[in-house]
Amino acid sequence: MVSGERRHAEALREEIAEVLPPMGLNLSEEKTRIVHMGQGFDFLGFHIQWRRKQGSDKWYVYTFFADRPFPSVKAKIRALTPRTSQSDLGALLIRINQITRGWSNYFKHGIAQRVFEHLHRFIWWRIVRMMRTRRRWRWKDVRRWLTDPTGRWHPISADGIEMFNPATIPIRRYRYRGNVPTPWEAALRTSLTAETTESPLR
């Protein structure tokens with residue numbers, strides 16, 4: 001990220017293109033864009049954007065979901081839970097839990113609480129509709145299955161496997177990583193030291 005004009009970002013892009021090859025990497029021209037932080041950009045499933053905090057005059061960099069991740073994980077759940085499925089519920093819950101745990105742990109560093117809650121409701125309804133079709137249940141049968149004698153709802157479970165709730169994942173939106181060394185940082189210090197040594201003081 002650059003605090004300056006577009007030409008500064010373009011110059012930095014050229015420097016990065018020179019630094020990457022010794023690491024065995026190459027800068028993809030097709031995937032590289034220069035944008036203003038107010039416009040935001042997508043990176044590894046996140047949409048990172050500079051916005052004003054609601055109710056204040058302060059600006060922060062926010063990490064949202066990009067357009068593709070949420071529809072993608074929903075498509076995976078749909079494929080596992082068609083209404084006519086006869087899959088063993090315990091085995092199905094294991095597979096769904098594997099998907100949702102990995103997915104939610106990856107995205108827990110963004111603004112994700114509402115998305116996690118939405119995903120949990122989506123999975124719950126997919127399984128309930130599947131079981132209603134399979135067993136020809138009415139809604140009262142679903143209540144009998146998923147509530148205790150006091151009428152309190154409990155999570156969907158089978159064979160000791162309980163459906164994981166992504167909303168229970170704690171959100172860790174801002175992490176201080178300290179000083180992260182880079183391969184070119186030491187080289188830059190060496191270059192500056194050499195220039196200072198070679199230049200006589202006046």
# chains A, B, ... in the order shown; residues from 1 in each chain; ligands from 1
$ select_by_dssp --residues "region 51-135 of chain A" --states "alpha helix (DSSP H)" --output "PyMOL selection string"
chain A and resi 69-80+89-107+113-135
$ residues_around --residues "region 86-92 of chain A" --least-positions-apart "4" --cutoff "8 Å" --atoms "only C-alpha atoms" --output "PDB file with N, CA and C atoms, in the first residue's frame"
ATOM      1  N   LEU A  80     -24.692 -31.279  -1.122  1.00  0.00           N
ATOM      2  CA  LEU A  80     -24.708 -32.358  -0.125  1.00  0.00           C
ATOM      3  C   LEU A  80     -26.092 -32.634   0.443  1.00  0.00           C
ATOM      4  N   ILE A  96     -20.263 -31.814   6.425  1.00  0.00           N
ATOM      5  CA  ILE A  96     -20.655 -30.400   6.479  1.00  0.00           C
ATOM      6  C   ILE A  96     -19.824 -29.655   7.524  1.00  0.00           C
ATOM      7  N   ARG A 134     -37.563 -36.883   3.467  1.00  0.00           N
ATOM      8  CA  ARG A 134     -37.178 -38.279   3.632  1.00  0.00           C
ATOM      9  C   ARG A 134     -38.185 -39.038   4.493  1.00  0.00           C
ATOM     10  N   SER A 157     -28.322 -33.199  15.449  1.00  0.00           N
ATOM     11  CA  SER A 157     -27.236 -34.141  15.735  1.00  0.00           C
ATOM     12  C   SER A 157     -27.665 -35.534  15.323  1.00  0.00           C
ATOM     13  N   ALA A 158     -26.660 -36.404  15.152  1.00  0.00           N
ATOM     14  CA  ALA A 158     -26.920 -37.806  14.811  1.00  0.00           C
ATOM     15  C   ALA A 158     -25.666 -38.603  15.117  1.00  0.00           C
ATOM     16  N   ASP A 159     -25.848 -39.742  15.748  1.00  0.00           N
ATOM     17  CA  ASP A 159     -24.729 -40.633  16.085  1.00  0.00           C
ATOM     18  C   ASP A 159     -23.643 -39.911  16.883  1.00  0.00           C
ATOM     19  N   GLY A 160     -24.059 -39.002  17.739  1.00  0.00           N
ATOM     20  CA  GLY A 160     -23.097 -38.277  18.565  1.00  0.00           C
ATOM     21  C   GLY A 160     -22.416 -37.121  17.855  1.00  0.00           C
ATOM     22  N   ILE A 161     -22.777 -36.861  16.592  1.00  0.00           N
ATOM     23  CA  ILE A 161     -22.197 -35.760  15.822  1.00  0.00           C
ATOM     24  C   ILE A 161     -23.184 -34.600  15.814  1.00  0.00           C
TER      25      ILE A 161
END
$ residues_around --residues "Ser72 (chain A)" --least-positions-apart "4" --cutoff "12 Å" --atoms "only C-alpha atoms" --output "number ranges by chain"
A: 45, 65-68, 76-79, 99-100, 103, 119
$ write_last_selection --atoms "N, CA and C atoms" --output "compact mmCIF listing (two decimals), in the first residue's frame"
# COMPACT_ATOMS: atom_id res chain seq x y z
N GLY A 45 -10.22 -13.91 -1.45
CA GLY A 45 -11.57 -14.10 -0.93
C GLY A 45 -12.11 -12.95 -0.11
N PHE A 65 -16.30 -9.65 2.92
CA PHE A 65 -16.27 -10.81 2.03
C PHE A 65 -16.28 -10.33 0.58
N ALA A 66 -15.51 -10.99 -0.26
CA ALA A 66 -15.62 -10.74 -1.69
C ALA A 66 -16.91 -11.38 -2.20
N ASP A 67 -17.20 -11.23 -3.48
CA ASP A 67 -18.47 -11.69 -4.02
C ASP A 67 -18.60 -13.21 -4.08
N ARG A 68 -17.51 -13.92 -4.26
CA ARG A 68 -17.60 -15.35 -4.57
C ARG A 68 -17.64 -16.32 -3.38
N LYS A 76 -21.80 -25.73 -2.17
CA LYS A 76 -21.29 -27.01 -1.66
C LYS A 76 -22.31 -27.67 -0.73
N ILE A 77 -22.95 -26.86 0.13
CA ILE A 77 -23.95 -27.40 1.05
C ILE A 77 -25.17 -27.89 0.28
N ARG A 78 -25.58 -27.14 -0.73
CA ARG A 78 -26.72 -27.57 -1.54
C ARG A 78 -26.45 -28.93 -2.19
N ALA A 79 -25.23 -29.10 -2.69
CA ALA A 79 -24.89 -30.35 -3.37
C ALA A 79 -24.94 -31.53 -2.41
N ILE A 99 -16.42 -28.74 6.21
CA ILE A 99 -16.47 -27.59 5.30
C ILE A 99 -16.65 -26.29 6.06
N THR A 100 -17.63 -26.25 6.96
CA THR A 100 -17.94 -25.00 7.65
C THR A 100 -16.86 -24.59 8.65
N TRP A 103 -13.94 -23.21 6.50
CA TRP A 103 -14.34 -21.97 5.84
C TRP A 103 -14.46 -20.82 6.83
N LEU A 119 -25.12 -18.39 7.35
CA LEU A 119 -24.70 -19.72 6.90
C LEU A 119 -25.28 -20.80 7.82
$ residues_around --residues "Ser3 (chain A)" --least-positions-apart "5" --cutoff "12 Å" --atoms "only C-alpha atoms" --output "ChimeraX atom specification"
/A:8-9,12,36-37
$ closest_residue --among "A:Thr32, A:Thr150, A:Ser56, A:Val73" --to "Glu10 (chain A)" --atoms "only C-alpha atoms"
A:Thr32
$ atom_distance --atom1 "CA of Phe116 (chain A)" --atom2 "CA of Val142 (chain A)"
23.4 Å
$ residues_around --residues "Pro155 (chain A)" --least-positions-apart "3" --cutoff "8 Å" --atoms "only C-alpha atoms" --output "PyMOL selection string"
chain A and resi 146+162-163
$ residues_around --residues "Ser28 (chain A)" --least-positions-apart "3" --cutoff "12 Å" --atoms "only C-alpha atoms" --output "VMD selection string"
chain A and resid 13 to 14 16 to 17 20 to 21 25 31 to 33
$ write_last_selection --atoms "C-alpha atoms" --output "mmCIF file, in the first residue's frame"
data_model
loop_
_atom_site.group_PDB
_atom_site.id
_atom_site.type_symbol
_atom_site.label_atom_id
_atom_site.label_comp_id
_atom_site.auth_asym_id
_atom_site.auth_seq_id
_atom_site.Cartn_x
_atom_site.Cartn_y
_atom_site.Cartn_z
ATOM 1 C CA ARG A 13 4.943 -2.213 -8.814
ATOM 2 C CA GLU A 14 8.046 -2.174 -10.991
ATOM 3 C CA ILE A 16 8.149 -5.631 -6.805
ATOM 4 C CA ALA A 17 8.388 -7.173 -10.266
ATOM 5 C CA LEU A 20 9.884 -11.557 -6.939
ATOM 6 C CA PRO A 21 11.902 -13.590 -9.524
ATOM 7 C CA LEU A 25 7.715 -15.947 -8.199
ATOM 8 C CA LYS A 31 -4.168 -10.117 -11.859
ATOM 9 C CA THR A 32 -2.404 -6.923 -10.806
ATOM 10 C CA ARG A 33 -4.367 -3.674 -10.547
#
$ select_by_dssp --residues "region 10-90 of chain A" --states "strand (DSSP E)" --output "NGL selection string"
:A and (41-43 or 46-52 or 59-65)
$ write_last_selection --atoms "C-alpha atoms" --output "short mmCIF file (atom, residue, chain, number, x, y, z; two decimals), in the first residue's frame"
data_model
loop_
_atom_site.label_atom_id
_atom_site.label_comp_id
_atom_site.auth_asym_id
_atom_site.auth_seq_id
_atom_site.Cartn_x
_atom_site.Cartn_y
_atom_site.Cartn_z
CA PHE A 41 -9.91 -4.50 -3.97
CA ASP A 42 -10.42 -8.26 -3.73
CA PHE A 43 -7.65 -10.41 -2.30
CA PHE A 46 -11.70 -10.80 0.96
CA HIS A 47 -12.75 -7.34 -0.19
CA ILE A 48 -10.49 -4.79 1.49
CA GLN A 49 -11.72 -1.20 1.49
CA TRP A 50 -11.16 2.12 3.23
CA ARG A 51 -14.42 3.49 4.66
CA ARG A 52 -15.65 6.03 7.16
CA TRP A 59 -11.72 6.28 8.48
CA TYR A 60 -10.62 2.66 8.76
CA VAL A 61 -9.59 -0.17 6.48
CA TYR A 62 -12.32 -2.82 6.60
CA THR A 63 -12.13 -6.45 5.49
CA PHE A 64 -15.36 -7.65 3.92
CA PHE A 65 -16.27 -10.81 2.03
#
$ closest_residue --among "A:Val19, A:Pro170, A:Thr84, A:Pro71" --to "Ile127 (chain A)" --atoms "only C-alpha atoms"
A:Thr84
